[in-house]
Amino acid sequence: MYETHLREAVLHEASLCEPMDNMAVRCTACKLRCVIKNGQAGVCGVRENKDGKLYLLVYGRASAVNVDPIEKKPLYHFLPGSEIFSLGTIGCNFGCAFCQNWDLSQVARNLRERLMREKKNAFIEMEVTRYGYKLLPEDIVKICVGKHIPSIAYTYNEPAIFFEYLYDTAMLASQYNIRNVFVSNGYESEEALDAMGSNLHAMNIDLKAFRDEFYKKLCKARLRPVLDTIQEVYKRGIWLEVTTLVIPGLNDSDGELKDIAAFIASIDENIPWHISAFYPAYKMTDVPPTSRSALERAYDIGRAAGLHFVYVGNVRDLKRSATYCPKCLSPLIRRDGFHSSIEPAFRKAACTNCETKIPGIWE
Ligand code: SF4
């Protein structure tokens, strides 16, 4: 945690929204595109309509801040071995029953639902702004410059929902050649991606399942918009990695894992796919952790689908967390936990053995 002595965080008018009749507004930060009546908040619980204007209630209010190894995001083909400043607020547009950060992500959403039930909508601002502590964009960039941290991740909860906060941070960061990363559930609106433009350098998008039923029942969301975002992000040339949390009995059948791998491969076989181990959390404490054999099976399915870079994470697996040259299979980057070491066979973004270029942002 870092101290800040700068100005008060204030209610911040949202930029991603459209006015509607009767003082309603449409929020355009994420693909839910909530229509929000005067005096109410959107589904995420942190964007409130006050007198026909939309405000972001968590601007300059960080609820989670860490300096992490970039491998923890996970990003394996983006500045390996570097540190990344990681920022999150409360609130989320998804309601995942297995969320590992539920104490942040679900708090504003649950508050909103409770206040709506109790017909106390007007209290949302007071309740939400009690969370987090002041950390303004200039504070964040100052820390990164001072500590030579080369990138910032908007993570822990869905970045799109605190868009204006991250946008100001990202624009300032870009002036100091600090790069910006979204760790996302894949619900960014086109407007959000347009606004970020070339100031968004990498994304890790969760593809949580390949069945709409899973998204509807366990995430309170839909599959199709996530697939659209993955395709769109790739098309825009933003560096992209995809993560799937493999949950026993819910998304770990051969058929579903094959569908996920085939979808990623149909876009580009060079997109890294992270297969992540589930641990019981939030509303799913009765589901066991992912077995080794399921992770290994998912890895084999990914490789068989033609994906060149498949990684097992959230457990120690030296063999399946390393990067190999897709042509000659030389090991190029080895990883142990969040520590990575570049092998002599990997220089200047290529395998020195066979000169195959390895996709990614390496410096
Ligand atoms: S960011 Fe929040 S308010 Fe805006 S559309 Fe998404 S869930 Fe609704």
# chains A, B, ... in the order shown; residues from 1 in each chain; ligands from 1

call {"tool": "residues_around", "arguments": {"residues": "A:Ser63", "least_positions_apart": "3", "cutoff": "12 Å", "atoms": "only C-alpha atoms", "output": "PyMOL selection string"}}
result
chain A and resi 1-2+58-60+66+86-91+101+103-105+107-108+128-135+154-157+162

call {"tool": "write_last_selection", "arguments": {"atoms": "C-alpha atoms", "output": "tab-separated table (two decimals), in the first residue's frame"}}
result
chain	number	residue	atom	x	y	z
A	1	MET	CA	0.00	0.00	0.00
A	2	TYR	CA	1.25	3.47	-0.85
A	58	VAL	CA	-14.82	4.84	-7.62
A	59	TYR	CA	-12.73	7.40	-9.48
A	60	GLY	CA	-9.41	7.72	-7.62
A	66	ASN	CA	0.13	-4.38	-5.65
A	86	SER	CA	-1.72	-3.67	-10.44
A	87	LEU	CA	-4.83	-1.66	-9.67
A	88	GLY	CA	-8.42	-2.60	-8.90
A	89	THR	CA	-11.51	-1.01	-7.40
A	90	ILE	CA	-14.71	-2.53	-6.07
A	91	GLY	CA	-17.52	-3.58	-8.41
A	101	ASN	CA	-11.62	-11.69	-5.81
A	103	ASP	CA	-14.69	-9.52	-1.72
A	104	LEU	CA	-13.82	-6.68	-4.13
A	105	SER	CA	-15.74	-7.50	-7.25
A	107	VAL	CA	-19.42	-5.82	-3.00
A	108	ALA	CA	-20.85	-2.92	-5.04
A	128	VAL	CA	-19.71	2.78	-2.41
A	129	THR	CA	-17.43	5.75	-1.73
A	130	ARG	CA	-16.66	4.32	1.72
A	131	TYR	CA	-14.55	1.65	0.04
A	132	GLY	CA	-11.00	2.04	-1.18
A	133	TYR	CA	-8.52	4.80	-0.49
A	134	LYS	CA	-7.43	7.82	-2.44
A	135	LEU	CA	-5.03	7.01	-5.22
A	154	TYR	CA	-6.10	-2.70	-14.53
A	155	THR	CA	-7.08	-5.93	-12.85
A	156	TYR	CA	-8.70	-7.73	-9.87
A	157	ASN	CA	-12.15	-6.56	-11.00
A	162	PHE	CA	-13.92	1.96	-13.73

call {"tool": "residues_near_ligand", "arguments": {"ligand": "ligand 1", "cutoff": "6 Å", "atoms": "only C-alpha atoms and all ligand atoms", "output": "list in words"}}
result
Cys27, Thr28, Ala29, Cys30, Leu32, Arg33, Cys34, Gly42, Val43, Cys44, Arg47, Asn93, Ala160 and Ile161 of chain A

call {"tool": "write_last_selection", "arguments": {"atoms": "C-alpha atoms", "output": "PDB file, in the first residue's frame"}}
result
ATOM      1  CA  CYS A  27     -23.732   3.537 -19.952  1.00  0.00           C
ATOM      2  CA  THR A  28     -21.470   2.477 -22.816  1.00  0.00           C
ATOM      3  CA  ALA A  29     -18.441   1.333 -20.828  1.00  0.00           C
ATOM      4  CA  CYS A  30     -19.217  -2.357 -21.152  1.00  0.00           C
ATOM      5  CA  LEU A  32     -24.153  -4.760 -20.818  1.00  0.00           C
ATOM      6  CA  ARG A  33     -24.989  -1.189 -21.928  1.00  0.00           C
ATOM      7  CA  CYS A  34     -27.182  -0.555 -18.869  1.00  0.00           C
ATOM      8  CA  GLY A  42     -25.801   0.311 -13.241  1.00  0.00           C
ATOM      9  CA  VAL A  43     -25.407  -3.425 -12.675  1.00  0.00           C
ATOM     10  CA  CYS A  44     -21.774  -3.036 -11.559  1.00  0.00           C
ATOM     11  CA  ARG A  47     -21.766   4.052 -12.079  1.00  0.00           C
ATOM     12  CA  ASN A  93     -20.344  -6.330 -14.323  1.00  0.00           C
ATOM     13  CA  ALA A 160     -14.297  -1.447 -18.067  1.00  0.00           C
ATOM     14  CA  ILE A 161     -16.468  -0.529 -15.100  1.00  0.00           C
TER      15      ILE A 161
END

call {"tool": "select_by_dssp", "arguments": {"residues": "stretch 43-286 of chain A", "states": "strand (DSSP E or B)", "output": "ChimeraX atom specification"}}
result
/A:47-50,53-56,61-62,64-69,78,83-88,133-134,151-154,179-184,188,202-206,239-246,273-277,281,284

call {"tool": "atom_distance", "arguments": {"atom1": "atom CA of A:Asp228", "atom2": "atom CA of A:Ala322"}}
result
29.0 Å

call {"tool": "closest_atom_pairs", "arguments": {"of": "stretch 34-92 of chain A", "to": "stretch 243-255 of chain A", "cutoff": "12 Å", "atoms": "only C-alpha atoms", "output": "Markdown table"}}
result
| residue | atom | partner | partner_atom | distance |
| --- | --- | --- | --- | --- |
| A:Lys72 | CA | A:Thr243 | CA | 11.9 |
| A:Lys73 | CA | A:Thr243 | CA | 9.8 |
| A:Pro74 | CA | A:Thr243 | CA | 8.0 |
| A:Leu75 | CA | A:Thr243 | CA | 9.7 |
| A:Tyr76 | CA | A:Thr243 | CA | 11.4 |

call {"tool": "residues_around", "arguments": {"residues": "stretch 192-200 of chain A", "least_positions_apart": "6", "cutoff": "12 Å", "atoms": "only C-alpha atoms", "output": "PyMOL selection string"}}
result
chain A and resi 14-17+27-31+33+151-154+159-164+166-183+186+229-230+232-240

call {"tool": "residues_around", "arguments": {"residues": "A:Cys351", "least_positions_apart": "3", "cutoff": "10 Å", "atoms": "only C-alpha atoms", "output": "ChimeraX atom specification"}}
result
/A:324-332,343-348,354-358

call {"tool": "write_last_selection", "arguments": {"atoms": "N, CA and C atoms", "output": "PDB file, in the first residue's frame"}}
result
ATOM      1  N   TYR A 324       8.223 -23.094 -25.454  1.00  0.00           N
ATOM      2  CA  TYR A 324       9.080 -23.868 -26.361  1.00  0.00           C
ATOM      3  C   TYR A 324       8.964 -23.279 -27.757  1.00  0.00           C
ATOM      4  N   CYS A 325      10.022 -23.388 -28.525  1.00  0.00           N
ATOM      5  CA  CYS A 325       9.948 -22.983 -29.929  1.00  0.00           C
ATOM      6  C   CYS A 325       8.947 -23.906 -30.637  1.00  0.00           C
ATOM      7  N   PRO A 326       7.965 -23.328 -31.319  1.00  0.00           N
ATOM      8  CA  PRO A 326       6.963 -24.205 -31.958  1.00  0.00           C
ATOM      9  C   PRO A 326       7.544 -25.046 -33.096  1.00  0.00           C
ATOM     10  N   LYS A 327       8.721 -24.644 -33.605  1.00  0.00           N
ATOM     11  CA  LYS A 327       9.279 -25.408 -34.738  1.00  0.00           C
ATOM     12  C   LYS A 327      10.265 -26.495 -34.273  1.00  0.00           C
ATOM     13  N   CYS A 328      11.295 -26.084 -33.509  1.00  0.00           N
ATOM     14  CA  CYS A 328      12.314 -27.076 -33.134  1.00  0.00           C
ATOM     15  C   CYS A 328      12.165 -27.570 -31.690  1.00  0.00           C
ATOM     16  N   LEU A 329      11.199 -27.006 -30.964  1.00  0.00           N
ATOM     17  CA  LEU A 329      10.858 -27.404 -29.599  1.00  0.00           C
ATOM     18  C   LEU A 329      11.943 -27.090 -28.555  1.00  0.00           C
ATOM     19  N   SER A 330      12.909 -26.244 -28.923  1.00  0.00           N
ATOM     20  CA  SER A 330      13.895 -25.822 -27.906  1.00  0.00           C
ATOM     21  C   SER A 330      13.183 -25.063 -26.797  1.00  0.00           C
ATOM     22  N   PRO A 331      13.539 -25.316 -25.530  1.00  0.00           N
ATOM     23  CA  PRO A 331      12.978 -24.493 -24.456  1.00  0.00           C
ATOM     24  C   PRO A 331      13.546 -23.076 -24.524  1.00  0.00           C
ATOM     25  N   LEU A 332      12.665 -22.075 -24.477  1.00  0.00           N
ATOM     26  CA  LEU A 332      13.095 -20.679 -24.646  1.00  0.00           C
ATOM     27  C   LEU A 332      12.957 -19.871 -23.354  1.00  0.00           C
ATOM     28  N   GLU A 343      16.190 -18.536 -21.613  1.00  0.00           N
ATOM     29  CA  GLU A 343      17.255 -19.462 -21.993  1.00  0.00           C
ATOM     30  C   GLU A 343      18.141 -18.840 -23.071  1.00  0.00           C
ATOM     31  N   PRO A 344      19.401 -19.289 -23.172  1.00  0.00           N
ATOM     32  CA  PRO A 344      20.286 -18.760 -24.229  1.00  0.00           C
ATOM     33  C   PRO A 344      19.702 -18.971 -25.628  1.00  0.00           C
ATOM     34  N   ALA A 345      18.800 -19.949 -25.761  1.00  0.00           N
ATOM     35  CA  ALA A 345      18.219 -20.224 -27.083  1.00  0.00           C
ATOM     36  C   ALA A 345      17.219 -19.154 -27.523  1.00  0.00           C
ATOM     37  N   PHE A 346      16.910 -18.197 -26.649  1.00  0.00           N
ATOM     38  CA  PHE A 346      15.932 -17.160 -27.006  1.00  0.00           C
ATOM     39  C   PHE A 346      16.608 -15.796 -26.988  1.00  0.00           C
ATOM     40  N   ARG A 347      16.760 -15.218 -28.153  1.00  0.00           N
ATOM     41  CA  ARG A 347      17.379 -13.896 -28.268  1.00  0.00           C
ATOM     42  C   ARG A 347      16.658 -13.098 -29.337  1.00  0.00           C
ATOM     43  N   LYS A 348      16.484 -11.803 -29.079  1.00  0.00           N
ATOM     44  CA  LYS A 348      15.877 -10.891 -30.046  1.00  0.00           C
ATOM     45  C   LYS A 348      14.575 -11.450 -30.611  1.00  0.00           C
ATOM     46  N   CYS A 354      16.666 -22.201 -34.574  1.00  0.00           N
ATOM     47  CA  CYS A 354      16.071 -22.347 -35.911  1.00  0.00           C
ATOM     48  C   CYS A 354      15.554 -21.015 -36.468  1.00  0.00           C
ATOM     49  N   GLU A 355      15.780 -19.937 -35.720  1.00  0.00           N
ATOM     50  CA  GLU A 355      15.430 -18.573 -36.145  1.00  0.00           C
ATOM     51  C   GLU A 355      13.927 -18.308 -36.259  1.00  0.00           C
ATOM     52  N   THR A 356      13.122 -19.191 -35.690  1.00  0.00           N
ATOM     53  CA  THR A 356      11.677 -18.935 -35.690  1.00  0.00           C
ATOM     54  C   THR A 356      11.367 -17.731 -34.786  1.00  0.00           C
ATOM     55  N   LYS A 357      10.592 -16.808 -35.311  1.00  0.00           N
ATOM     56  CA  LYS A 357      10.164 -15.643 -34.521  1.00  0.00           C
ATOM     57  C   LYS A 357       9.136 -16.094 -33.494  1.00  0.00           C
ATOM     58  N   ILE A 358       9.234 -15.593 -32.292  1.00  0.00           N
ATOM     59  CA  ILE A 358       8.270 -15.938 -31.249  1.00  0.00           C
ATOM     60  C   ILE A 358       7.393 -14.706 -31.001  1.00  0.00           C
TER      61      ILE A 358
END

call {"tool": "residues_around", "arguments": {"residues": "A:Lys50", "least_positions_apart": "2", "cutoff": "10 Å", "atoms": "only C-alpha atoms", "output": "PyMOL selection string"}}
result
chain A and resi 13+23-25+36-41+47-48+52-55+122+125

call {"tool": "write_last_selection", "arguments": {"atoms": "N, CA and C atoms", "output": "compact mmCIF listing (two decimals), in the first residue's frame"}}
result
# COMPACT_ATOMS: atom_id res chain seq x y z
N GLU A 13 -17.54 12.67 -13.38
CA GLU A 13 -18.53 12.46 -14.42
C GLU A 13 -18.00 11.46 -15.44
N MET A 23 -34.38 11.83 -18.31
CA MET A 23 -33.16 11.89 -17.48
C MET A 23 -32.48 10.53 -17.27
N ALA A 24 -32.81 9.57 -18.10
CA ALA A 24 -32.09 8.30 -18.04
C ALA A 24 -30.78 8.46 -18.83
N VAL A 25 -29.81 7.57 -18.58
CA VAL A 25 -28.59 7.54 -19.39
C VAL A 25 -28.29 6.09 -19.75
N ILE A 36 -29.81 3.43 -17.29
CA ILE A 36 -29.85 3.73 -15.86
C ILE A 36 -30.77 4.93 -15.62
N LYS A 37 -31.78 4.71 -14.81
CA LYS A 37 -32.71 5.80 -14.50
C LYS A 37 -32.08 6.77 -13.50
N ASN A 38 -32.63 7.97 -13.49
CA ASN A 38 -32.16 8.96 -12.53
C ASN A 38 -32.23 8.40 -11.11
N GLY A 39 -31.12 8.55 -10.37
CA GLY A 39 -31.09 8.08 -8.98
C GLY A 39 -30.71 6.62 -8.82
N GLN A 40 -30.39 5.96 -9.94
CA GLN A 40 -30.02 4.54 -9.82
C GLN A 40 -28.59 4.30 -10.31
N ALA A 41 -28.10 3.11 -10.01
CA ALA A 41 -26.75 2.73 -10.47
C ALA A 41 -26.87 1.58 -11.46
N ARG A 47 -21.47 2.98 -11.12
CA ARG A 47 -21.77 4.05 -12.08
C ARG A 47 -23.21 4.49 -11.84
N GLU A 48 -23.35 5.73 -11.37
CA GLU A 48 -24.65 6.19 -10.88
C GLU A 48 -25.16 7.38 -11.69
N GLY A 52 -29.61 12.94 -14.32
CA GLY A 52 -29.42 12.82 -15.77
C GLY A 52 -27.97 12.79 -16.21
N LYS A 53 -27.04 12.80 -15.24
CA LYS A 53 -25.62 12.67 -15.59
C LYS A 53 -25.06 11.40 -14.94
N LEU A 54 -24.16 10.74 -15.66
CA LEU A 54 -23.60 9.50 -15.12
C LEU A 54 -22.27 9.81 -14.41
N TYR A 55 -22.11 9.26 -13.22
CA TYR A 55 -20.90 9.48 -12.44
C TYR A 55 -20.24 8.14 -12.11
N ALA A 122 -30.77 5.89 -3.15
CA ALA A 122 -30.03 7.14 -2.95
C ALA A 122 -28.78 6.94 -2.09
N GLU A 125 -24.23 6.02 -3.42
CA GLU A 125 -23.02 6.85 -3.47
C GLU A 125 -22.28 6.81 -2.13

call {"tool": "atom_distance", "arguments": {"atom1": "atom CA of A:Glu138", "atom2": "atom CA of A:Leu56"}}
result
17.7 Å

call {"tool": "closest_residue", "arguments": {"among": "A:Ile275, A:Val35, A:Val287, A:Val310", "to": "A:Asp206", "atoms": "only C-alpha atoms"}}
result
A:Ile275

call {"tool": "select_by_dssp", "arguments": {"residues": "stretch 151-278 of chain A", "states": "alpha helix (DSSP H)", "output": "JSON, numbers by chain"}}
result
{"A": [163, 164, 165, 166, 167, 168, 169, 170, 171, 172, 173, 174, 175, 190, 191, 192, 193, 194, 195, 196, 212, 213, 214, 223, 224, 225, 226, 227, 228, 229, 230, 231, 232, 233, 234, 235, 254, 255, 256, 257, 258, 259, 260, 261, 262, 263, 264, 265, 266, 267]}

call {"tool": "closest_residue", "arguments": {"among": "A:Ile149, A:Ala294, A:Gly313, A:Val46", "to": "A:Asn110", "atoms": "only C-alpha atoms"}}
result
A:Val46

call {"tool": "closest_residue", "arguments": {"among": "A:Phe263, A:Phe278, A:Phe214, A:Phe123", "to": "A:Cys99", "atoms": "only C-alpha atoms"}}
result
A:Phe278

call {"tool": "atom_distance", "arguments": {"atom1": "atom CA of A:His77", "atom2": "atom CA of A:Ile267"}}
result
17.2 Å

call {"tool": "closest_residue", "arguments": {"among": "A:Ala209, A:Leu136, A:Ile143, A:Leu111", "to": "A:Ala221", "atoms": "only C-alpha atoms"}}
result
A:Ala209

call {"tool": "closest_residue", "arguments": {"among": "A:Pro150, A:Asn314, A:Met20, A:Arg224", "to": "A:Asp68", "atoms": "only C-alpha atoms"}}
result
A:Pro150

call {"tool": "residues_around", "arguments": {"residues": "A:Ala97", "least_positions_apart": "6", "cutoff": "10 Å", "atoms": "only C-alpha atoms", "output": "PyMOL selection string"}}
result
chain A and resi 106+217-220+281-285
